[in-house]
Amino acid sequence: MPKRTRFTTWRPLATAATAALLATLITPAAVQAAPATPRGSEPVHSYENAIREAVWVDTGLDGDRDGKTDRVAVDIVRPREPARQGRKVPVIMDASPYYSCCGRGNESQKKTYDAQGRVARMPLYYDNYFVPRGYAFVGVDLAGTNRSDGCVDVGGRSDIQSAKAVVDWLNGRAKAYTTRAGTTRAQAGWTNGRTGMIGKSWDGTIANGVAATGVEGLRTIVPISAISSWYDYYFQQGAPLYDSGPEWLSDYVESPDARAKCAAVQQKLVDGAPRTGDWTPLWTERDYVKAARKVKASVFLIHGMQDLNVRMKHVGPWWNALARNGVERKIWLSQTGHVDPFDFRRGAWVETLHRWFDHELMGIDNGIDREPMADIERAPGQWDTARVWPPTGTRTATLRPDRGTQTGVGTLGLHRGHGTESFTDDPNLSETDWAARIDKPTPEKAGFVTRPLTRDLRLSGASEVTVTATPSTPTAHLSAVLVDLGPATIRDYADAGEGITTLTNRTCWGASTTADSSCFKETKAKTADVDYTVVSRGWADLGNHASDHKGSRLTPGKRYTITLDLAATDHVVPKGHRLALIVAGTDQGLIDPPADKPKLTLDLSRTSARVPFTGGAAAFARATTGAATAIPDAAFLDGVREPRTTHRVPEASQ
């Protein structure tokens, strides 16, 4: 099927929920009674009387090697009225490993079942809200989880085929059965095959992976805080981000039945993901960016710019690859960490998602394709829009660090630097320690700072920092961090809620039954008053200087050059603030330390940062030209607490 090209222009987006939406948030009875309107799908079908059923779709794989092809459990909630009238409905699907082991959403909901084995409670609000509006909702247990056969292979062929096979079945191309081991076939004659996938974290990752197969019938995906390449979840340019590999994650989510059968798959994960950080065929199989040319579905991407679990590194390459291949796109970027938009912008999110699915799956011309491509959170609860993202006029400026009047406290500008700066890796310190002491000589970092800006400066997109460094040891890790130095109130992404606080009162989003309530706890922004904000980060093993895919031991005293990829972001450095570049070693809590504790000496004439600004180098020059103002003598700048060091998994709850 040729790529669709409907999304060509974007017009201003109204961000407040409409009165029509608010009218649906009263009671289940009121929801059912809402009148129809041609502007969009309305809740005219009974949720209480919806058809609830389970089928098992044959994936065609035998991951657990029991001599039978694996079947994945598919729980379905769909409106009864269209089925009676012979009308077919589109599908919203969430394929997840978390339906039984770990829970979904801010309240960690799990699937529950009635005495006949039919789903009684489907986690989250998707079924409550969309089934009355004429959609079917499908919750898929990934292979090796909950009621499915097979093994979890953490983003590999089995994971992706678990969901792709369901899309194929919905479009008449795969087999399904009414029981896990039976022979009675189940048909999907009730659907028109138009499918949209949604999900947060691992679930959204599966949506990315299935879209990258080019499967027919998948019309749109809504990946929230999702992985685009599994290598980038565990490593960046050879630097390990966690002290374990995908085998730990597989064991974390597998059902007891799968765990007993899947030792061989576990071992393949261990063997295929060496802690050296070298690229292997395992990572190639789990790199969806390289297959972006196959994507036919539109993409509505949501991510927290301070997500330190599934980091923003997963946004830039995926977004750019989709753009190069003409994929229709929309994006929301929040100030939060690993948080669902339902919990940081609830009313506007549900309205926008509703309109997106209406447009993409029901073909309703509601204008969303002519609205701004990007919504960006500038301050807690304050949003800006952009017609395209990154915005028109964004160009890369090459910034150069130079020595200052104090050792380790340098300048950042457009002119080539001179001399050297040195630092010694201290694995007990993090980006928060470096930024807090940016104006003081400290042995563990080299910092470079602009003069206070005379006008706002917008950074939008991904940066690169090229470092020429001489190590004192055979191993060395590097971190590069861009920091906005100046007072601000931001979402406290380092707090346990990662930028939100969960309240006790509830609001209702759709219809309810006794077993499945549509009412969820409200949230509010958890904020922090800070003296600096980390804008973007990147890491690398200096041993990967010759290749992102393979490292080598270093020769102490020899000079090496490496370019670190910093994550995409969108941030406005306000007038009066300063922009800083920090180069250091181990970013405690975010990368693991090397075997040694090296001293690294930077050649400033061969070190630079390529940063995308709206207006490019000219905008940077204008913002940093003017009379220098005195910087207060602050011994310590306040920021958020240091990054949490707990073992993270790409899970659906905070």
# chains A, B, ... in the order shown; residues from 1 in each chain; ligands from 1
$ residues_around --residues "Asp287 of chain A" --least-positions-apart "4" --cutoff "12 Å" --atoms "only C-alpha atoms" --output "list in words"
Val154, Gly155, Gly156, Arg157, Ile160, Thr205, Ile206, Asn208, Gly209, Val210, Ala212, Thr213, Ile227, Ser228, Ser229, Trp230, Tyr231, Asp232, Tyr233, Trp279, Thr280, Pro281, Leu282, Trp283, Ala291, Ala292, His314, Pro317 and Trp318 of chain A
$ residues_around --residues "segment 134-136 of chain A" --least-positions-apart "5" --cutoff "9 Å" --atoms "only C-alpha atoms" --output "ChimeraX atom specification"
/A:41-45,76-79,81-82,89-93,127,191
$ residues_around --residues "Ser334 of chain A" --least-positions-apart "3" --cutoff "12 Å" --atoms "only C-alpha atoms" --output "ChimeraX atom specification"
/A:224-225,301-307,312,331,337-345,349,374-385,490-491,493,498-500,525,569-571
$ write_last_selection --atoms "N, CA and C atoms" --output "short mmCIF file (atom, residue, chain, number, x, y, z; two decimals), in the first residue's frame"
data_model
loop_
_atom_site.label_atom_id
_atom_site.label_comp_id
_atom_site.auth_asym_id
_atom_site.auth_seq_id
_atom_site.Cartn_x
_atom_site.Cartn_y
_atom_site.Cartn_z
N ILE A 224 4.01 5.98 23.48
CA ILE A 224 4.21 6.88 24.61
C ILE A 224 5.46 6.43 25.37
N SER A 225 6.44 7.29 25.47
CA SER A 225 7.69 6.95 26.19
C SER A 225 8.25 5.62 25.72
N LEU A 301 3.56 10.61 18.54
CA LEU A 301 4.60 10.26 19.51
C LEU A 301 4.51 11.17 20.72
N ILE A 302 4.62 10.59 21.92
CA ILE A 302 4.60 11.34 23.17
C ILE A 302 5.80 10.93 24.00
N HIS A 303 6.54 11.91 24.55
CA HIS A 303 7.70 11.56 25.36
C HIS A 303 7.98 12.67 26.37
N GLY A 304 8.52 12.26 27.53
CA GLY A 304 8.98 13.22 28.52
C GLY A 304 10.41 13.61 28.25
N MET A 305 10.68 14.90 28.18
CA MET A 305 12.04 15.35 27.87
C MET A 305 13.01 15.07 29.01
N GLN A 306 12.49 14.75 30.20
CA GLN A 306 13.35 14.38 31.32
C GLN A 306 13.16 12.91 31.69
N ASP A 307 12.77 12.10 30.72
CA ASP A 307 12.62 10.67 30.95
C ASP A 307 14.01 10.04 31.03
N MET A 312 15.37 10.27 25.99
CA MET A 312 15.02 11.00 24.76
C MET A 312 15.88 10.60 23.57
N ILE A 331 3.62 15.11 17.53
CA ILE A 331 4.45 14.87 18.71
C ILE A 331 4.04 15.77 19.86
N GLY A 337 9.19 13.05 33.51
CA GLY A 337 9.97 11.86 33.26
C GLY A 337 9.11 10.84 32.52
N HIS A 338 9.09 9.61 33.05
CA HIS A 338 8.42 8.48 32.39
C HIS A 338 6.95 8.46 32.81
N VAL A 339 6.17 9.37 32.25
CA VAL A 339 4.78 9.59 32.68
C VAL A 339 3.86 9.63 31.48
N ASP A 340 2.68 9.01 31.63
CA ASP A 340 1.65 8.99 30.58
C ASP A 340 0.97 10.35 30.49
N PRO A 341 0.61 10.83 29.29
CA PRO A 341 -0.08 12.12 29.17
C PRO A 341 -1.43 12.14 29.89
N PHE A 342 -2.03 10.98 30.10
CA PHE A 342 -3.26 10.93 30.89
C PHE A 342 -3.03 11.46 32.30
N ASP A 343 -1.77 11.43 32.75
CA ASP A 343 -1.45 11.86 34.10
C ASP A 343 -0.73 13.20 34.17
N PHE A 344 -0.47 13.84 33.01
CA PHE A 344 0.08 15.19 33.09
C PHE A 344 -0.72 16.22 32.31
N ARG A 345 -1.70 15.79 31.47
CA ARG A 345 -2.49 16.76 30.69
C ARG A 345 -3.81 16.10 30.29
N TRP A 349 -5.45 15.71 26.56
CA TRP A 349 -4.95 14.46 25.99
C TRP A 349 -6.10 13.59 25.48
N ALA A 374 3.46 19.87 16.68
CA ALA A 374 4.10 19.66 17.98
C ALA A 374 3.44 20.48 19.07
N ASP A 375 3.30 19.86 20.24
CA ASP A 375 2.95 20.54 21.48
C ASP A 375 4.12 20.33 22.44
N ILE A 376 4.64 21.42 23.01
CA ILE A 376 5.82 21.36 23.88
C ILE A 376 5.51 22.06 25.19
N GLU A 377 5.81 21.40 26.30
CA GLU A 377 5.58 21.99 27.62
C GLU A 377 6.75 22.88 27.98
N ARG A 378 6.49 24.17 28.16
CA ARG A 378 7.53 25.14 28.48
C ARG A 378 7.75 25.29 29.99
N ALA A 379 6.67 25.24 30.74
CA ALA A 379 6.69 25.29 32.20
C ALA A 379 5.57 24.37 32.65
N PRO A 380 5.55 23.97 33.92
CA PRO A 380 4.53 23.02 34.36
C PRO A 380 3.12 23.47 33.97
N GLY A 381 2.47 22.70 33.08
CA GLY A 381 1.12 22.98 32.65
C GLY A 381 1.00 24.07 31.60
N GLN A 382 2.11 24.63 31.13
CA GLN A 382 2.09 25.70 30.12
C GLN A 382 2.67 25.15 28.82
N TRP A 383 1.85 25.16 27.77
CA TRP A 383 2.20 24.50 26.52
C TRP A 383 2.31 25.48 25.37
N ASP A 384 3.22 25.17 24.48
CA ASP A 384 3.42 25.94 23.25
C ASP A 384 3.22 24.98 22.08
N THR A 385 2.99 25.52 20.89
CA THR A 385 2.82 24.67 19.71
C THR A 385 3.79 25.09 18.62
N ILE A 490 10.26 24.10 37.53
CA ILE A 490 10.13 23.00 36.57
C ILE A 490 9.39 21.84 37.23
N ARG A 491 8.96 20.89 36.42
CA ARG A 491 8.46 19.64 36.99
C ARG A 491 9.62 18.89 37.65
N TYR A 493 11.24 16.08 37.93
CA TYR A 493 11.34 14.78 37.28
C TYR A 493 12.15 13.77 38.08
N GLU A 498 8.07 11.52 39.14
CA GLU A 498 8.69 11.99 37.90
C GLU A 498 7.98 13.19 37.28
N GLY A 499 7.48 14.06 38.16
CA GLY A 499 6.85 15.30 37.68
C GLY A 499 5.38 15.42 37.98
N ILE A 500 4.79 14.40 38.60
CA ILE A 500 3.38 14.48 38.99
C ILE A 500 3.22 14.03 40.44
N ALA A 525 0.82 18.74 38.96
CA ALA A 525 2.25 18.85 38.72
C ALA A 525 3.01 18.88 40.03
N THR A 569 15.75 17.46 22.18
CA THR A 569 14.95 18.15 23.18
C THR A 569 14.37 19.41 22.55
N ASP A 570 13.60 20.17 23.32
CA ASP A 570 13.13 21.48 22.88
C ASP A 570 13.06 22.36 24.12
N HIS A 571 13.94 23.34 24.18
CA HIS A 571 14.07 24.14 25.40
C HIS A 571 14.41 25.58 25.04
#
$ select_by_dssp --residues "segment 442-573 of chain A" --states "strand (DSSP E)" --output "ChimeraX atom specification"
/A:445-449,457-461,464-471,477-491,500-508,519-525,527-541,560-565,569-573
$ select_by_dssp --residues "segment 243-408 of chain A" --states "alpha helix (DSSP H)" --output "ChimeraX atom specification"
/A:246-253,256-261,263-272,281-285,316-324,346-361
$ write_last_selection --atoms "N, CA and C atoms" --output "compact mmCIF listing (two decimals), in the first residue's frame"
# COMPACT_ATOMS: atom_id res chain seq x y z
N PRO A 246 19.02 -7.67 28.74
CA PRO A 246 17.61 -7.98 28.50
C PRO A 246 17.14 -9.27 29.16
N GLU A 247 18.06 -10.17 29.51
CA GLU A 247 17.63 -11.42 30.15
C GLU A 247 16.96 -11.15 31.50
N TRP A 248 17.42 -10.12 32.21
CA TRP A 248 16.79 -9.77 33.49
C TRP A 248 15.36 -9.30 33.26
N LEU A 249 15.18 -8.52 32.23
CA LEU A 249 13.85 -7.98 31.92
C LEU A 249 12.90 -9.09 31.48
N SER A 250 13.40 -10.02 30.69
CA SER A 250 12.58 -11.15 30.26
C SER A 250 12.07 -11.93 31.47
N ASP A 251 12.97 -12.22 32.39
CA ASP A 251 12.58 -12.96 33.59
C ASP A 251 11.58 -12.18 34.43
N TYR A 252 11.68 -10.86 34.39
CA TYR A 252 10.82 -9.99 35.19
C TYR A 252 9.35 -10.11 34.79
N VAL A 253 9.08 -10.30 33.49
CA VAL A 253 7.70 -10.26 33.03
C VAL A 253 7.12 -11.62 32.65
N PRO A 256 4.98 -17.92 34.99
CA PRO A 256 5.68 -19.09 35.54
C PRO A 256 5.81 -20.22 34.53
N ASP A 257 4.78 -20.43 33.70
CA ASP A 257 4.82 -21.49 32.70
C ASP A 257 5.93 -21.22 31.68
N ALA A 258 6.03 -19.98 31.23
CA ALA A 258 7.07 -19.64 30.26
C ALA A 258 8.45 -19.72 30.88
N ARG A 259 8.56 -19.27 32.11
CA ARG A 259 9.87 -19.28 32.76
C ARG A 259 10.44 -20.69 32.84
N ALA A 260 9.55 -21.67 33.00
CA ALA A 260 10.00 -23.06 33.09
C ALA A 260 10.45 -23.62 31.74
N LYS A 261 10.01 -22.99 30.64
CA LYS A 261 10.29 -23.52 29.30
C LYS A 261 11.33 -22.72 28.52
N ALA A 263 14.50 -21.35 29.10
CA ALA A 263 15.91 -21.18 29.46
C ALA A 263 16.77 -20.92 28.23
N ALA A 264 16.45 -21.58 27.11
CA ALA A 264 17.26 -21.41 25.90
C ALA A 264 17.16 -19.98 25.37
N VAL A 265 15.95 -19.40 25.42
CA VAL A 265 15.77 -18.03 24.97
C VAL A 265 16.51 -17.07 25.90
N GLN A 266 16.44 -17.35 27.20
CA GLN A 266 17.16 -16.53 28.17
C GLN A 266 18.66 -16.52 27.86
N GLN A 267 19.19 -17.71 27.56
CA GLN A 267 20.62 -17.81 27.30
C GLN A 267 21.01 -17.06 26.02
N LYS A 268 20.13 -17.09 25.03
CA LYS A 268 20.39 -16.34 23.79
C LYS A 268 20.46 -14.85 24.08
N LEU A 269 19.63 -14.38 25.00
CA LEU A 269 19.67 -12.97 25.37
C LEU A 269 20.98 -12.63 26.07
N VAL A 270 21.46 -13.52 26.91
CA VAL A 270 22.73 -13.30 27.60
C VAL A 270 23.88 -13.28 26.59
N ASP A 271 23.90 -14.28 25.73
CA ASP A 271 25.00 -14.41 24.77
C ASP A 271 25.00 -13.29 23.74
N GLY A 272 23.80 -12.83 23.38
CA GLY A 272 23.69 -11.83 22.31
C GLY A 272 23.84 -10.40 22.76
N PRO A 281 24.20 -9.00 16.33
CA PRO A 281 22.96 -9.24 15.58
C PRO A 281 21.71 -9.13 16.44
N LEU A 282 21.82 -9.41 17.74
CA LEU A 282 20.65 -9.25 18.61
C LEU A 282 20.13 -7.82 18.57
N TRP A 283 21.04 -6.85 18.57
CA TRP A 283 20.61 -5.45 18.55
C TRP A 283 20.09 -5.05 17.18
N THR A 284 20.65 -5.61 16.12
CA THR A 284 20.15 -5.31 14.78
C THR A 284 18.69 -5.73 14.65
N GLU A 285 18.35 -6.90 15.19
CA GLU A 285 16.97 -7.38 15.14
C GLU A 285 16.03 -6.46 15.90
N GLY A 316 14.87 11.23 18.80
CA GLY A 316 15.49 11.90 17.66
C GLY A 316 15.70 11.02 16.43
N PRO A 317 16.43 9.90 16.54
CA PRO A 317 16.67 9.07 15.36
C PRO A 317 15.39 8.52 14.74
N TRP A 318 14.42 8.11 15.57
CA TRP A 318 13.15 7.57 15.09
C TRP A 318 12.35 8.64 14.37
N TRP A 319 12.22 9.81 15.00
CA TRP A 319 11.48 10.91 14.41
C TRP A 319 12.07 11.32 13.07
N ASN A 320 13.40 11.43 13.02
CA ASN A 320 14.05 11.85 11.79
C ASN A 320 13.91 10.79 10.69
N ALA A 321 14.01 9.52 11.07
CA ALA A 321 13.85 8.45 10.07
C ALA A 321 12.43 8.44 9.52
N LEU A 322 11.44 8.65 10.37
CA LEU A 322 10.06 8.72 9.89
C LEU A 322 9.88 9.90 8.93
N ALA A 323 10.50 11.03 9.28
CA ALA A 323 10.39 12.22 8.42
C ALA A 323 11.00 11.96 7.05
N ARG A 324 12.17 11.33 7.04
CA ARG A 324 12.84 11.06 5.76
C ARG A 324 12.00 10.16 4.86
N ARG A 346 -4.55 15.64 31.25
CA ARG A 346 -5.61 14.66 31.04
C ARG A 346 -6.69 15.11 30.07
N GLY A 347 -7.31 16.26 30.32
CA GLY A 347 -8.43 16.67 29.48
C GLY A 347 -8.04 16.88 28.03
N ALA A 348 -6.97 17.64 27.81
CA ALA A 348 -6.53 17.89 26.44
C ALA A 348 -6.06 16.61 25.77
N TRP A 349 -5.45 15.71 26.56
CA TRP A 349 -4.95 14.46 25.99
C TRP A 349 -6.10 13.59 25.48
N VAL A 350 -7.11 13.37 26.29
CA VAL A 350 -8.20 12.49 25.88
C VAL A 350 -8.91 13.07 24.67
N GLU A 351 -9.12 14.38 24.68
CA GLU A 351 -9.77 15.01 23.53
C GLU A 351 -8.93 14.83 22.26
N THR A 352 -7.63 15.07 22.37
CA THR A 352 -6.76 14.98 21.20
C THR A 352 -6.66 13.55 20.70
N LEU A 353 -6.50 12.60 21.62
CA LEU A 353 -6.42 11.19 21.23
C LEU A 353 -7.71 10.74 20.55
N HIS A 354 -8.85 11.18 21.09
CA HIS A 354 -10.14 10.85 20.51
C HIS A 354 -10.21 11.36 19.06
N ARG A 355 -9.83 12.59 18.86
CA ARG A 355 -9.88 13.17 17.52
C ARG A 355 -8.88 12.48 16.58
N TRP A 356 -7.71 12.12 17.13
CA TRP A 356 -6.70 11.44 16.31
C TRP A 356 -7.23 10.10 15.81
N PHE A 357 -7.78 9.29 16.72
CA PHE A 357 -8.31 7.99 16.31
C PHE A 357 -9.51 8.15 15.38
N ASP A 358 -10.39 9.11 15.66
CA ASP A 358 -11.52 9.36 14.76
C ASP A 358 -11.03 9.65 13.34
N HIS A 359 -9.99 10.46 13.25
CA HIS A 359 -9.47 10.83 11.93
C HIS A 359 -8.78 9.65 11.25
N GLU A 360 -7.94 8.95 12.00
CA GLU A 360 -7.11 7.91 11.40
C GLU A 360 -7.85 6.59 11.19
N LEU A 361 -8.78 6.25 12.07
CA LEU A 361 -9.44 4.94 12.00
C LEU A 361 -10.86 5.01 11.48
$ residues_around --residues "Thr420 of chain A" --least-positions-apart "4" --cutoff "9 Å" --atoms "only C-alpha atoms" --output "ChimeraX atom specification"
/A:402-403,601-605
$ residues_around --residues "Ala540 of chain A" --least-positions-apart "4" --cutoff "8 Å" --atoms "only C-alpha atoms" --output "PyMOL selection string"
chain A and resi 236-239+477-479+544+564
$ residues_around --residues "segment 574-583 of chain A" --least-positions-apart "3" --cutoff "7 Å" --atoms "only C-alpha atoms" --output "number ranges by chain"
A: 445-457, 479-486
$ residues_around --residues "Ala297 of chain A" --least-positions-apart "4" --cutoff "8 Å" --atoms "only C-alpha atoms" --output "list in words"
Ala211, Gly214, Leu218, Arg219, Thr220, Ile221, Val327 and Glu328 of chain A
$ closest_residue --among "A:Trp389, A:Gly410, A:Gly538, A:Gly461" --to "Ile591 of chain A" --atoms "only C-alpha atoms"
A:Gly538
$ atom_distance --atom1 "atom CA of Gly616 of chain A" --atom2 "atom CA of Thr394 of chain A"
6.0 Å
$ closest_residue --among "A:Ser201, A:Ser162, A:Thr475, A:Thr624" --to "Thr555 of chain A" --atoms "only C-alpha atoms"
A:Thr475
$ decode --residues "segment 212-312 of chain A" --atoms "C-alpha atoms" --output "CSV table (one decimal), in the first residue's frame"
chain,number,residue,atom,x,y,z
A,212,ALA,CA,8.4,-1.1,11.3
A,213,THR,CA,7.2,-4.4,9.7
A,214,GLY,CA,4.9,-2.5,7.3
A,215,VAL,CA,2.0,-4.8,8.2
A,216,GLU,CA,-1.1,-4.0,6.2
A,217,GLY,CA,-4.1,-2.8,8.3
A,218,LEU,CA,-2.1,-0.9,10.9
A,219,ARG,CA,-3.3,2.6,10.2
A,220,THR,CA,-1.7,4.5,13.2
A,221,ILE,CA,0.4,4.1,16.3
A,222,VAL,CA,0.6,6.2,19.4
A,223,PRO,CA,3.9,5.3,21.2
A,224,ILE,CA,4.2,6.9,24.6
A,225,SER,CA,7.7,7.0,26.2
A,226,ALA,CA,8.7,4.2,23.8
A,227,ILE,CA,11.9,2.5,22.7
A,228,SER,CA,13.0,2.8,19.1
A,229,SER,CA,16.2,0.8,19.4
A,230,TRP,CA,16.8,-1.6,22.2
A,231,TYR,CA,20.6,-1.1,22.1
A,232,ASP,CA,20.0,2.5,23.1
A,233,TYR,CA,18.0,1.3,26.1
A,234,TYR,CA,21.0,-0.6,27.5
A,235,PHE,CA,24.0,1.3,26.0
A,236,GLN,CA,25.0,4.5,24.4
A,237,GLN,CA,28.0,4.4,22.1
A,238,GLY,CA,29.5,1.5,24.2
A,239,ALA,CA,28.8,3.0,27.6
A,240,PRO,CA,26.6,0.8,29.7
A,241,LEU,CA,23.4,2.4,31.0
A,242,TYR,CA,22.5,-0.4,33.4
A,243,ASP,CA,24.3,-3.2,35.2
A,244,SER,CA,22.2,-6.0,33.5
A,245,GLY,CA,20.9,-6.9,30.1
A,246,PRO,CA,17.6,-8.0,28.5
A,247,GLU,CA,17.6,-11.4,30.2
A,248,TRP,CA,16.8,-9.8,33.5
A,249,LEU,CA,13.9,-8.0,31.9
A,250,SER,CA,12.6,-11.1,30.3
A,251,ASP,CA,12.6,-13.0,33.6
A,252,TYR,CA,10.8,-10.0,35.2
A,253,VAL,CA,7.7,-10.3,33.0
A,254,GLU,CA,7.5,-13.9,32.0
A,255,SER,CA,4.7,-16.2,33.3
A,256,PRO,CA,5.7,-19.1,35.5
A,257,ASP,CA,4.8,-21.5,32.7
A,258,ALA,CA,7.1,-19.6,30.3
A,259,ARG,CA,9.9,-19.3,32.8
A,260,ALA,CA,10.0,-23.1,33.1
A,261,LYS,CA,10.3,-23.5,29.3
A,262,CYS,CA,12.4,-20.6,28.1
A,263,ALA,CA,15.9,-21.2,29.5
A,264,ALA,CA,17.3,-21.4,25.9
A,265,VAL,CA,15.8,-18.0,25.0
A,266,GLN,CA,17.2,-16.5,28.2
A,267,GLN,CA,20.6,-17.8,27.3
A,268,LYS,CA,20.4,-16.3,23.8
A,269,LEU,CA,19.7,-13.0,25.4
A,270,VAL,CA,22.7,-13.3,27.6
A,271,ASP,CA,25.0,-14.4,24.8
A,272,GLY,CA,23.7,-11.8,22.3
A,273,ALA,CA,24.0,-8.8,24.6
A,274,PRO,CA,27.6,-8.8,26.0
A,275,ARG,CA,28.3,-6.2,28.6
A,276,THR,CA,31.1,-4.9,26.4
A,277,GLY,CA,28.6,-2.6,24.7
A,278,ASP,CA,29.5,-4.0,21.3
A,279,TRP,CA,26.8,-4.1,18.6
A,280,THR,CA,25.6,-7.7,17.8
A,281,PRO,CA,23.0,-9.2,15.6
A,282,LEU,CA,20.6,-9.3,18.6
A,283,TRP,CA,20.6,-5.4,18.5
A,284,THR,CA,20.1,-5.3,14.8
A,285,GLU,CA,17.0,-7.4,15.1
A,286,ARG,CA,15.7,-4.9,17.8
A,287,ASP,CA,16.5,-1.7,15.9
A,288,TYR,CA,13.3,-0.4,14.5
A,289,VAL,CA,14.9,2.9,13.2
A,290,LYS,CA,16.6,1.0,10.4
A,291,ALA,CA,13.2,-0.3,9.2
A,292,ALA,CA,11.4,3.1,9.3
A,293,ARG,CA,11.2,3.0,5.5
A,294,LYS,CA,8.6,0.2,5.9
A,295,VAL,CA,6.3,2.2,8.1
A,296,LYS,CA,2.9,2.9,6.6
A,297,ALA,CA,1.1,3.9,9.8
A,298,SER,CA,0.9,7.5,11.0
A,299,VAL,CA,2.7,8.2,14.3
A,300,PHE,CA,1.6,10.3,17.2
A,301,LEU,CA,4.6,10.3,19.5
A,302,ILE,CA,4.6,11.3,23.2
A,303,HIS,CA,7.7,11.6,25.4
A,304,GLY,CA,9.0,13.2,28.5
A,305,MET,CA,12.0,15.3,27.9
A,306,GLN,CA,13.3,14.4,31.3
A,307,ASP,CA,12.6,10.7,30.9
A,308,LEU,CA,15.7,8.9,32.4
A,309,ASN,CA,14.2,5.5,31.9
A,310,VAL,CA,13.4,5.4,28.2
A,311,ARG,CA,15.6,8.3,27.4
A,312,MET,CA,15.0,11.0,24.8
